[in-house]
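These notes concern the structure reproduced below.
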Number of protein chains: 2
Amino acid sequence: MKAARYYDRGDIRVEDVPEPVVEAGTVGIDVAYCGICGTDLHEYLDGPIFVPPHGHPHPISGEDAPVTLGHEMSGVVYAVGEGVTDLAVGDHVVVEPYIIADDVDTSPANPAYHLSKDMNFIGLAGRGGGLAEKIVVKRRWVHPVGQDVPLDEAALIEPLSVGYHAYQRSGAKAGDVALITGAGPIGLLTTAVLKAEGISVVISEPSELRRRKALETGVAAHVLDPREVDVVAEVRALTDGRGPDVAFECTSVQPALDTLFDAVKPTGVIVVVSIWGHPGSLDMQKLVLKEVDLRGTIAYVNSHPETIRLVQEGKVDLKPFITGKIGLDHLVDEGFDTLIHHNETAVKILVDPRL
Amino acid sequence: MKAARYYDRGDIRVEDVPEPVVEAGTVGIDVAYCGICGTDLHEYLDGPIFVPPHGHPHPISGEDAPVTLGHEMSGVVYAVGEGVTDLAVGDHVVVEPYIIADDVDTSPANPAYHLSKDMNFIGLAGRGGGLAEKIVVKRRWVHPVGQDVPLDEAALIEPLSVGYHAYQRSGAKAGDVALITGAGPIGLLTTAVLKAEGISVVISEPSELRRRKALETGVAAHVLDPREVDVVAEVRALTDGRGPDVAFECTSVQPALDTLFDAVKPTGVIVVVSIWGHPGSLDMQKLVLKEVDLRGTIAYVNSHPETIRLVQEGKVDLKPFITGKIGLDHLVDEGFDTLIHHNETAVKILVDPRL
């Protein structure tokens, strides 16, 4: 079968690989769509980061580069292994793409399985990937979505789960106002979750095209250009002088973090969603004198069922975030290159491995 | 009556002032003891900070320097104003020393009255102070302690409330392990609260005398010298490799914050209790990839009743933290100077205005 394999920085090859084998406790999935994630781009431009370099196998998967890429996938079950009784051939599913050590409790009772030692991702550190025709995944990580969610939209459930977990970390509740810095894919999908949960979202984003997208998709209540307006004053005016209840940092730039500290109400919560490559500078007096909570969030944990429910119930419409569909052979020239050079208009590009 | 009045940096005078008048809704208190706080020292050495300078009256109290100092007081009710029916002459009381605007809801329903606009403290921004023979305080801010808590120990309930609120902010629960950087007065009193609540405390503190105090008072389970041992490795060994559940930063120095980020378990909480005079540097990747919560805490809010209960039930013994008692006339030479020059052995010095 065809698969996109990551060899090294700048070296991704679409080639023929053996089909994976459906063993006991696993599920064979015909991939329908797989999204390209910022993490994939990062591996391509600056990696290997999550990918175990050739000669350095990952301690859990035992695999090293080349590995099949892709972790934002939807598909249809074509086979189930021995012992899998609650999924059947033909079911539509998505994957929660974790590689986690066997001795970790990955039941819903553990709210931190995603932070366990050597955790990594299917499609980055081995165990196949969604940028291929088929994948075999342990039952634990396969989530049915029902027949009513279109498979292209279902491929966005993985990044939507990132937004859902960020929402959970914030403790935001219906009626709250949120301020988000950055309207990239994760900023937008976090906004979509918040709106679905009854939270009004103000986005600060310097790109006009991205601001427009945030309004067109119907998820943001207000958008602000931080180069043109005083974001702190504007958001205060929108909240009767109080300031937003919660905030989400989705840019990894210092001025955004500073704005959120100034804007958030006393006892407010700031969730850092973006991955910073450099230390942040923190006004500790503001942290203390406003009693701010600054919270990190990474990926998702027990988040897929609730995220899927939001989509099934129509509370989140994922269609407007799909800005392109391409074939596997054009992963680099039509996928990565578009995201690198036109990242203000492209939100989520889906790869269809049957094309 | 005698009162210690703050005029300006380095200029505190003990002088005769008129006795305060007990008006409707207020309580007249004969001060028994008043502790000297690090904030008082800060005003003396680097102020005015909280004190409104002469010519710049505080927007709520309407007062400016000179003001009477002292906000950690215990005393005995000598008169109650009209409408005060739930306190009587002879009652032993402590003061929650807030100056808060009249239009703020200061009921227990408001978990953030202490963060309201222009909030300041009795004994810093006017309305009398505990470093005087008498004080008159609005009923809302007077808390009875019963006749069984010695009045000298009661004077430590105010700083103990700071520790109690920090504990509340942490979300720590019985059975947890806490790591605290810094065994100054607030570090020690926070430790006392945590121990009372069933949390085992490890303290990292470079001063041998302070480490000894932390053990002598019986509040710390373990003490570590960060100049001699690897605090992260030691505390991990004490927690089966997991790392502490919660941590409290009580030093305002960068290496302490770095240690707490390295040490705390994934999903752990770090509470910043100290007031930093400079920005902090934050490893944002650790915040995100460990899903740490960094939380500021300041003073107390609705914390006095629970704090008093801990002392009444004998769960916190405040006696070991009293390291000196002096008269008002010796506030500077025996009080401030001792705390400045012997701050490793002095924890809490009480002023008895009757001496």
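Chain identifiers are assigned as A, B, and so on, following the order in which chains appear in the structure tokens; residues are numbered from 1 within each chain, and ligands are numbered from 1 in order of appearance.
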Enumerate as an MDAnalysis selection string the residues belonging to chain B that approach chain A to within 10 Å, with only C-alpha atoms taken into account.
chainID B and resid 111:116 169 252 265:267 269:299
Could you dump the residues just selected with N, CA and C atoms as a compact mmCIF listing (two decimals), in the first residue's frame?
```txt
# COMPACT_ATOMS: atom_id res chain seq x y z
N PRO B 111 -15.76 35.54 46.09
CA PRO B 111 -14.44 34.94 46.35
C PRO B 111 -13.28 35.84 45.92
N ALA B 112 -13.55 37.09 45.60
CA ALA B 112 -12.47 37.95 45.09
C ALA B 112 -12.57 39.37 45.64
N TYR B 113 -13.20 39.52 46.82
CA TYR B 113 -13.29 40.90 47.34
C TYR B 113 -11.91 41.48 47.61
N HIS B 114 -10.94 40.60 47.88
CA HIS B 114 -9.58 41.06 48.19
C HIS B 114 -8.84 41.55 46.94
N LEU B 115 -9.44 41.35 45.77
CA LEU B 115 -8.79 41.80 44.53
C LEU B 115 -9.54 43.00 43.94
N SER B 116 -10.40 43.60 44.74
CA SER B 116 -11.20 44.72 44.23
C SER B 116 -10.33 45.97 44.08
N ARG B 169 -5.64 27.96 47.45
CA ARG B 169 -5.33 28.17 46.03
C ARG B 169 -4.69 26.95 45.41
N SER B 252 10.93 34.42 46.10
CA SER B 252 11.05 35.41 45.01
C SER B 252 12.40 35.37 44.32
N LYS B 265 5.11 17.16 39.96
CA LYS B 265 4.63 16.06 39.11
C LYS B 265 3.85 16.61 37.91
N PRO B 266 3.70 15.83 36.85
CA PRO B 266 2.80 16.26 35.77
C PRO B 266 1.40 16.53 36.36
N THR B 267 0.75 17.56 35.89
CA THR B 267 -0.53 18.10 36.41
C THR B 267 -0.37 18.71 37.80
N VAL B 269 0.62 21.58 40.77
CA VAL B 269 0.27 22.99 40.96
C VAL B 269 1.41 23.70 41.69
N ILE B 270 1.82 24.85 41.15
CA ILE B 270 2.82 25.69 41.82
C ILE B 270 2.13 27.00 42.20
N VAL B 271 2.13 27.30 43.50
CA VAL B 271 1.52 28.54 43.97
C VAL B 271 2.63 29.54 44.28
N VAL B 272 2.53 30.72 43.69
CA VAL B 272 3.52 31.77 43.97
C VAL B 272 2.97 32.63 45.10
N VAL B 273 3.64 32.55 46.26
CA VAL B 273 3.18 33.27 47.46
C VAL B 273 3.98 34.55 47.63
N SER B 274 5.24 34.53 47.20
CA SER B 274 6.12 35.68 47.43
C SER B 274 5.85 36.78 46.41
N ILE B 275 6.21 38.00 46.80
CA ILE B 275 6.06 39.16 45.92
C ILE B 275 7.40 39.37 45.22
N TRP B 276 7.41 39.19 43.92
CA TRP B 276 8.64 39.37 43.16
C TRP B 276 8.76 40.83 42.73
N GLY B 277 9.98 41.37 42.82
CA GLY B 277 10.21 42.74 42.38
C GLY B 277 10.71 42.81 40.94
N HIS B 278 10.79 41.65 40.28
CA HIS B 278 11.36 41.58 38.93
C HIS B 278 10.60 40.49 38.16
N PRO B 279 10.67 40.53 36.81
CA PRO B 279 9.97 39.49 36.04
C PRO B 279 10.56 38.11 36.29
N GLY B 280 9.75 37.11 36.16
CA GLY B 280 10.23 35.73 36.25
C GLY B 280 10.46 35.18 34.86
N SER B 281 11.37 34.24 34.75
CA SER B 281 11.59 33.55 33.48
C SER B 281 10.95 32.17 33.58
N LEU B 282 10.20 31.84 32.54
CA LEU B 282 9.38 30.64 32.61
C LEU B 282 9.70 29.71 31.45
N ASP B 283 10.01 28.47 31.77
CA ASP B 283 10.18 27.45 30.72
C ASP B 283 8.78 27.03 30.27
N MET B 284 8.33 27.67 29.19
CA MET B 284 6.94 27.46 28.74
C MET B 284 6.71 26.02 28.30
N GLN B 285 7.75 25.36 27.79
CA GLN B 285 7.59 23.96 27.37
C GLN B 285 7.27 23.08 28.57
N LYS B 286 7.93 23.36 29.71
CA LYS B 286 7.62 22.56 30.90
C LYS B 286 6.19 22.82 31.36
N LEU B 287 5.80 24.11 31.32
CA LEU B 287 4.42 24.45 31.71
C LEU B 287 3.43 23.65 30.88
N VAL B 288 3.70 23.56 29.57
CA VAL B 288 2.77 22.90 28.65
C VAL B 288 2.90 21.38 28.71
N LEU B 289 4.11 20.88 28.60
CA LEU B 289 4.30 19.43 28.44
C LEU B 289 4.07 18.67 29.75
N LYS B 290 4.14 19.37 30.89
CA LYS B 290 3.79 18.75 32.17
C LYS B 290 2.40 19.18 32.63
N GLU B 291 1.77 20.06 31.86
CA GLU B 291 0.46 20.61 32.25
C GLU B 291 0.46 21.13 33.68
N VAL B 292 1.45 21.97 33.97
CA VAL B 292 1.55 22.59 35.29
C VAL B 292 0.55 23.74 35.39
N ASP B 293 0.03 23.94 36.60
CA ASP B 293 -0.73 25.14 36.93
C ASP B 293 0.15 26.05 37.76
N LEU B 294 0.37 27.28 37.29
CA LEU B 294 1.11 28.28 38.08
C LEU B 294 0.08 29.29 38.58
N ARG B 295 -0.06 29.40 39.88
CA ARG B 295 -1.15 30.21 40.45
C ARG B 295 -0.61 31.26 41.40
N GLY B 296 -1.05 32.49 41.21
CA GLY B 296 -0.72 33.52 42.17
C GLY B 296 -1.67 33.50 43.35
N THR B 297 -1.18 33.94 44.51
CA THR B 297 -2.05 34.08 45.68
C THR B 297 -1.63 35.33 46.44
N ILE B 298 -2.60 36.05 46.94
CA ILE B 298 -2.29 37.28 47.70
C ILE B 298 -3.24 37.36 48.90
N ALA B 299 -2.64 37.53 50.06
CA ALA B 299 -3.39 37.76 51.30
C ALA B 299 -4.41 36.65 51.54
```
Over all C-alpha pairs taken in sequence order, what does chain A look like after a least-squares fit onto chain B? Please give it as a short mmCIF file (atom, residue, chain, number, x, y, z; two decimals) with C-alpha atoms, in the first residue's frame.
```
data_model
loop_
_atom_site.label_atom_id
_atom_site.label_comp_id
_atom_site.auth_asym_id
_atom_site.auth_seq_id
_atom_site.Cartn_x
_atom_site.Cartn_y
_atom_site.Cartn_z
CA MET A 1 -2.78 57.01 73.26
CA LYS A 2 0.57 55.78 71.94
CA ALA A 3 0.85 54.78 68.28
CA ALA A 4 3.67 53.97 65.84
CA ARG A 5 3.27 56.31 62.91
CA TYR A 6 4.86 55.89 59.49
CA TYR A 7 5.94 59.25 58.09
CA ASP A 8 8.26 58.17 55.30
CA ARG A 9 11.03 55.75 54.42
CA GLY A 10 13.21 55.29 57.51
CA ASP A 11 10.98 57.61 59.54
CA ILE A 12 8.69 55.84 62.00
CA ARG A 13 7.74 57.71 65.19
CA VAL A 14 6.02 56.51 68.34
CA GLU A 15 3.86 59.42 69.41
CA ASP A 16 0.64 60.41 71.12
CA VAL A 17 -2.47 60.44 68.95
CA PRO A 18 -6.16 60.91 69.81
CA GLU A 19 -8.08 57.75 70.69
CA PRO A 20 -10.30 56.50 67.85
CA VAL A 21 -14.08 56.95 68.16
CA VAL A 22 -16.40 53.94 68.22
CA GLU A 23 -19.17 54.71 65.72
CA ALA A 24 -22.19 52.74 64.56
CA GLY A 25 -21.21 49.41 63.02
CA THR A 26 -17.70 49.44 64.45
CA VAL A 27 -15.87 47.67 67.26
CA GLY A 28 -13.39 49.24 69.70
CA ILE A 29 -10.45 46.95 70.43
CA ASP A 30 -7.77 47.21 73.10
CA VAL A 31 -4.77 45.87 71.19
CA ALA A 32 -3.07 42.97 72.99
CA TYR A 33 -0.33 42.13 70.50
CA CYS A 34 0.64 43.15 66.99
CA GLY A 35 3.16 41.31 64.85
CA ILE A 36 5.72 42.98 62.63
CA CYS A 37 5.24 41.90 59.02
CA GLY A 38 7.74 41.77 56.17
CA THR A 39 5.53 44.35 54.49
CA ASP A 40 6.14 46.75 57.39
CA LEU A 41 9.89 46.24 56.99
CA HIS A 42 9.57 46.82 53.27
CA GLU A 43 7.77 50.12 53.90
CA TYR A 44 10.48 51.14 56.35
CA LEU A 45 13.39 50.23 54.05
CA ASP A 46 12.01 50.91 50.55
CA GLY A 47 8.60 52.58 51.02
CA PRO A 48 6.21 54.15 50.84
CA ILE A 49 4.68 51.26 48.84
CA PHE A 50 1.27 50.46 50.31
CA VAL A 51 1.30 53.60 52.45
CA PRO A 52 -0.24 56.60 50.63
CA PRO A 53 2.51 59.28 50.62
CA HIS A 54 1.82 62.61 52.26
CA GLY A 55 -0.35 64.69 49.94
CA HIS A 56 -1.69 61.63 48.09
CA PRO A 57 -4.60 60.32 50.17
CA HIS A 58 -5.82 56.78 49.58
CA PRO A 59 -9.01 56.83 47.47
CA ILE A 60 -11.00 54.75 49.96
CA SER A 61 -9.65 55.72 53.40
CA GLY A 62 -8.98 59.34 52.42
CA GLU A 63 -5.83 59.23 54.57
CA ASP A 64 -2.17 59.83 53.77
CA ALA A 65 1.12 59.62 55.67
CA PRO A 66 1.61 59.80 58.57
CA VAL A 67 -0.49 56.69 59.23
CA THR A 68 -0.49 54.26 62.14
CA LEU A 69 1.29 50.99 61.26
CA GLY A 70 0.45 47.39 62.15
CA HIS A 71 -1.99 44.90 60.62
CA GLU A 72 -1.30 41.61 62.49
CA MET A 73 -3.20 42.28 65.69
CA SER A 74 -5.14 40.58 68.43
CA GLY A 75 -7.06 42.28 71.21
CA VAL A 76 -10.04 42.55 73.52
CA VAL A 77 -13.28 44.34 72.67
CA TYR A 78 -13.78 47.41 74.91
CA ALA A 79 -16.84 48.87 73.17
CA VAL A 80 -19.21 48.10 70.32
CA GLY A 81 -21.00 50.65 68.16
CA GLU A 82 -24.71 50.86 67.48
CA GLY A 83 -26.02 47.89 65.53
CA VAL A 84 -23.24 45.52 66.56
CA THR A 85 -25.10 42.80 68.44
CA ASP A 86 -22.97 39.70 67.92
CA LEU A 87 -19.84 40.86 69.73
CA ALA A 88 -19.56 42.00 73.34
CA VAL A 89 -17.12 43.82 75.57
CA GLY A 90 -14.44 41.36 76.71
CA ASP A 91 -14.49 39.20 73.57
CA HIS A 92 -11.10 38.20 72.22
CA VAL A 93 -10.76 39.11 68.56
CA VAL A 94 -8.44 39.42 65.58
CA VAL A 95 -8.73 41.72 62.59
CA GLU A 96 -8.86 40.90 58.89
CA PRO A 97 -7.26 44.20 58.00
CA TYR A 98 -8.92 45.20 54.74
CA ILE A 99 -9.73 48.63 53.39
CA ILE A 100 -12.22 47.92 50.61
CA ALA A 101 -14.60 50.23 48.75
CA ASP A 102 -18.15 50.40 50.13
CA ASP A 103 -19.72 49.22 46.86
CA VAL A 104 -17.82 45.91 46.86
CA ASP A 105 -19.65 42.79 48.05
CA THR A 106 -17.48 41.58 50.94
CA SER A 107 -19.75 38.69 51.85
CA PRO A 108 -18.51 35.09 51.60
CA ALA A 109 -20.39 34.93 48.28
CA ASN A 110 -17.62 36.97 46.68
CA PRO A 111 -14.42 34.94 46.35
CA ALA A 112 -12.47 37.95 45.09
CA TYR A 113 -13.26 40.90 47.34
CA HIS A 114 -9.57 41.06 48.19
CA LEU A 115 -8.79 41.79 44.54
CA SER A 116 -11.19 44.71 44.24
CA LYS A 117 -10.07 48.10 42.91
CA ASP A 118 -7.90 50.16 45.31
CA MET A 119 -7.95 47.44 47.98
CA ASN A 120 -5.43 48.22 50.71
CA PHE A 121 -4.77 47.33 54.34
CA ILE A 122 -5.66 48.77 57.74
CA GLY A 123 -2.31 49.64 59.32
CA LEU A 124 -0.79 50.64 55.99
CA ALA A 125 -3.27 52.91 54.21
CA GLY A 126 -5.14 54.38 57.19
CA ARG A 127 -8.02 53.46 59.54
CA GLY A 128 -5.61 53.09 62.46
CA GLY A 129 -3.24 50.21 63.06
CA GLY A 130 -2.33 47.50 65.48
CA LEU A 131 0.88 49.23 66.59
CA ALA A 132 -1.17 51.42 68.91
CA GLU A 133 -3.04 50.99 72.18
CA LYS A 134 -6.48 50.95 70.60
CA ILE A 135 -8.09 50.53 67.21
CA VAL A 136 -11.65 50.86 65.94
CA VAL A 137 -12.58 48.47 63.11
CA LYS A 138 -15.77 47.89 61.10
CA ARG A 139 -17.65 44.83 62.36
CA ARG A 140 -17.13 43.00 59.03
CA TRP A 141 -13.39 42.78 59.60
CA VAL A 142 -13.44 41.65 63.25
CA HIS A 143 -13.28 37.88 63.95
CA PRO A 144 -13.83 36.44 67.42
CA VAL A 145 -11.31 33.77 68.45
CA GLY A 146 -12.90 32.63 71.73
CA GLN A 147 -11.29 32.87 75.15
CA ASP A 148 -9.08 29.78 74.77
CA VAL A 149 -6.61 30.95 72.14
CA PRO A 150 -3.85 32.93 73.90
CA LEU A 151 -3.80 36.51 72.65
CA ASP A 152 -0.13 36.39 71.71
CA GLU A 153 -0.71 33.39 69.44
CA ALA A 154 -3.86 35.01 68.08
CA ALA A 155 -1.74 37.85 66.68
CA LEU A 156 -0.27 35.28 64.25
CA ILE A 157 -3.66 34.39 62.79
CA GLU A 158 -3.34 37.12 60.15
CA PRO A 159 -0.13 35.74 58.58
CA LEU A 160 -1.44 32.20 59.11
CA SER A 161 -4.45 33.21 57.00
CA VAL A 162 -2.03 34.07 54.20
CA GLY A 163 -0.78 30.49 54.38
CA TYR A 164 -4.33 29.18 54.57
CA HIS A 165 -5.35 31.04 51.44
CA ALA A 166 -2.21 29.80 49.63
CA TYR A 167 -3.22 26.26 50.65
CA GLN A 168 -6.73 26.86 49.31
CA ARG A 169 -5.34 28.16 46.03
CA SER A 170 -3.23 25.01 45.65
CA GLY A 171 -6.13 22.59 45.83
CA ALA A 172 -3.91 20.27 47.90
CA LYS A 173 -5.65 17.45 49.73
CA ALA A 174 -4.80 15.15 52.62
CA GLY A 175 -2.12 12.64 51.64
CA ASP A 176 -0.47 14.95 49.12
CA VAL A 177 3.18 15.92 49.26
CA ALA A 178 4.14 19.60 49.01
CA LEU A 179 7.50 21.15 48.21
CA ILE A 180 8.12 24.66 49.57
CA THR A 181 11.02 26.89 48.63
CA GLY A 182 11.85 29.24 51.49
CA ALA A 183 11.37 28.88 55.25
CA GLY A 184 10.79 32.51 56.14
CA PRO A 185 7.72 33.38 58.24
CA ILE A 186 5.23 32.84 55.40
CA GLY A 187 6.90 29.64 54.22
CA LEU A 188 6.78 28.28 57.77
CA LEU A 189 3.16 29.29 58.41
CA THR A 190 2.07 27.87 55.05
CA THR A 191 3.82 24.66 56.08
CA ALA A 192 1.92 24.69 59.39
CA VAL A 193 -1.43 24.93 57.57
CA LEU A 194 -0.49 22.16 55.12
CA LYS A 195 0.58 19.83 57.91
CA ALA A 196 -2.68 20.55 59.75
CA GLU A 197 -4.56 19.57 56.59
CA GLY A 198 -2.73 16.25 56.27
CA ILE A 199 -0.20 17.26 53.63
CA SER A 200 3.44 16.24 54.05
CA VAL A 201 5.82 19.15 53.46
CA VAL A 202 9.40 19.15 52.16
CA ILE A 203 11.17 22.50 52.50
CA SER A 204 14.12 23.65 50.43
CA GLU A 205 15.97 26.41 52.30
CA PRO A 206 19.65 27.37 52.17
CA SER A 207 19.78 28.82 55.72
CA GLU A 208 20.72 26.18 58.27
CA LEU A 209 19.07 28.15 61.09
CA ARG A 210 15.81 28.38 59.19
CA ARG A 211 15.93 24.70 58.24
CA ARG A 212 16.44 23.89 61.92
CA LYS A 213 13.44 26.06 62.84
CA ALA A 214 11.29 24.24 60.27
CA LEU A 215 12.13 20.95 61.99
CA GLU A 216 11.97 22.24 65.60
CA THR A 217 8.47 23.62 65.07
CA GLY A 218 7.43 20.17 63.91
CA VAL A 219 5.76 21.39 60.74
CA ALA A 220 8.16 20.17 58.02
CA ALA A 221 8.52 16.45 57.27
CA HIS A 222 11.88 16.98 55.54
CA VAL A 223 14.24 19.89 54.97
CA LEU A 224 16.75 20.13 52.13
CA ASP A 225 19.71 22.44 51.54
CA PRO A 226 19.59 23.41 47.85
CA ARG A 227 23.30 24.29 47.93
CA GLU A 228 24.22 20.78 49.06
CA VAL A 229 21.75 18.36 47.49
CA ASP A 230 19.82 17.92 44.24
CA VAL A 231 16.41 19.01 45.51
CA VAL A 232 14.56 17.61 42.47
CA ALA A 233 16.16 14.17 42.86
CA GLU A 234 15.67 14.15 46.64
CA VAL A 235 12.01 15.07 46.56
CA ARG A 236 11.41 12.58 43.76
CA ALA A 237 12.96 9.87 45.90
CA LEU A 238 10.60 10.89 48.71
CA THR A 239 7.57 10.52 46.41
CA ASP A 240 8.22 7.15 44.72
CA GLY A 241 9.65 8.93 41.70
CA ARG A 242 6.47 10.91 41.10
CA GLY A 243 7.36 14.41 42.26
CA PRO A 244 5.39 16.60 44.68
CA ASP A 245 1.70 17.17 44.04
CA VAL A 246 1.86 20.85 44.90
CA ALA A 247 4.57 23.43 45.44
CA PHE A 248 4.81 26.87 47.03
CA GLU A 249 7.28 29.55 45.98
CA CYS A 250 8.12 31.66 49.06
CA THR A 251 11.50 33.18 48.11
CA SER A 252 11.04 35.39 45.00
CA VAL A 253 14.25 34.08 43.46
CA GLN A 254 14.50 32.52 40.00
CA PRO A 255 16.39 29.30 40.87
CA ALA A 256 13.62 28.41 43.34
CA LEU A 257 10.95 28.73 40.66
CA ASP A 258 13.05 26.65 38.25
CA THR A 259 13.44 23.93 40.89
CA LEU A 260 9.69 23.79 41.47
CA PHE A 261 8.98 23.44 37.72
CA ASP A 262 11.49 20.60 37.48
CA ALA A 263 10.27 18.87 40.62
CA VAL A 264 6.49 19.06 40.48
CA LYS A 265 4.62 16.05 39.10
CA PRO A 266 2.77 16.24 35.77
CA THR A 267 -0.55 18.07 36.41
CA GLY A 268 1.06 19.53 39.54
CA VAL A 269 0.26 22.97 40.95
CA ILE A 270 2.81 25.67 41.82
CA VAL A 271 1.51 28.53 43.97
CA VAL A 272 3.52 31.75 43.97
CA VAL A 273 3.19 33.26 47.45
CA SER A 274 6.12 35.68 47.42
CA ILE A 275 6.07 39.14 45.91
CA TRP A 276 8.65 39.37 43.15
CA GLY A 277 10.20 42.73 42.35
CA HIS A 278 11.36 41.56 38.91
CA PRO A 279 9.95 39.49 36.02
CA GLY A 280 10.22 35.72 36.24
CA SER A 281 11.57 33.54 33.46
CA LEU A 282 9.35 30.62 32.61
CA ASP A 283 10.16 27.43 30.71
CA MET A 284 6.92 27.46 28.73
CA GLN A 285 7.57 23.96 27.35
CA LYS A 286 7.59 22.55 30.88
CA LEU A 287 4.40 24.44 31.70
CA VAL A 288 2.73 22.89 28.64
CA LEU A 289 4.27 19.42 28.43
CA LYS A 290 3.76 18.74 32.16
CA GLU A 291 0.43 20.60 32.24
CA VAL A 292 1.53 22.57 35.28
CA ASP A 293 -0.75 25.14 36.91
CA LEU A 294 1.10 28.25 38.08
CA ARG A 295 -1.14 30.19 40.44
CA GLY A 296 -0.74 33.52 42.16
CA THR A 297 -2.04 34.06 45.68
CA ILE A 298 -2.29 37.26 47.70
CA ALA A 299 -3.38 37.76 51.30
CA TYR A 300 -6.69 36.03 52.15
CA VAL A 301 -10.35 36.03 51.30
CA ASN A 302 -12.97 34.48 53.56
CA SER A 303 -10.03 32.63 55.08
CA HIS A 304 -10.12 33.82 58.70
CA PRO A 305 -12.92 31.59 60.08
CA GLU A 306 -11.27 28.37 58.86
CA THR A 307 -7.83 29.56 59.94
CA ILE A 308 -9.11 30.38 63.42
CA ARG A 309 -10.75 26.95 63.61
CA LEU A 310 -7.37 25.26 62.91
CA VAL A 311 -5.86 27.15 65.85
CA GLN A 312 -8.83 26.60 68.17
CA GLU A 313 -8.77 22.85 67.46
CA GLY A 314 -5.05 22.70 68.20
CA LYS A 315 -4.18 21.61 64.66
CA VAL A 316 -1.77 24.51 64.38
CA ASP A 317 0.41 25.48 67.34
CA LEU A 318 1.50 29.07 66.82
CA LYS A 319 3.64 29.38 69.95
CA PRO A 320 6.93 28.17 68.38
CA PHE A 321 6.78 30.91 65.79
CA ILE A 322 6.83 33.73 68.36
CA THR A 323 10.52 34.59 68.74
CA GLY A 324 10.26 37.86 70.63
CA LYS A 325 8.02 40.31 72.48
CA ILE A 326 8.85 43.99 72.73
CA GLY A 327 7.28 47.27 73.78
CA LEU A 328 6.03 49.86 71.32
CA ASP A 329 8.84 52.28 72.16
CA HIS A 330 11.36 49.71 70.95
CA LEU A 331 9.61 48.97 67.66
CA VAL A 332 12.53 50.10 65.54
CA ASP A 333 15.61 49.27 67.62
CA GLU A 334 14.43 45.88 68.95
CA GLY A 335 11.87 45.02 66.27
CA PHE A 336 12.79 46.18 62.79
CA ASP A 337 16.52 46.10 63.40
CA THR A 338 16.39 42.54 64.73
CA LEU A 339 14.35 41.37 61.76
CA ILE A 340 16.74 43.10 59.35
CA HIS A 341 19.97 41.88 60.94
CA HIS A 342 18.95 38.54 62.43
CA ASN A 343 16.35 37.39 59.97
CA GLU A 344 17.49 33.77 60.06
CA THR A 345 16.51 33.26 63.69
CA ALA A 346 13.67 35.75 64.16
CA VAL A 347 10.34 34.48 62.88
CA LYS A 348 7.63 36.64 64.43
CA ILE A 349 8.28 39.49 66.84
CA LEU A 350 5.21 40.72 68.69
CA VAL A 351 4.71 44.25 69.95
CA ASP A 352 2.82 44.71 73.20
CA PRO A 353 1.56 48.32 73.23
CA ARG A 354 0.98 48.17 77.00
CA LEU A 355 4.71 47.70 77.62
#
```
Tell me, which residues of range 49-213 of chain B carry DSSP strand (DSSP E or B), written as a PyMOL selection string?
chain B and resi 67-68+72-80+92-95+98-99+120-121+132+134-138+142-144+177-181+200-204
Enumerate as an NGL selection string all residues of range 155-277 of chain B assigned to alpha helix (DSSP H) by DSSP on the backbone, naming them with the chain letters and numbers the document uses.
:B and (157-170 or 185-196 or 208-216 or 231-237 or 254-263)
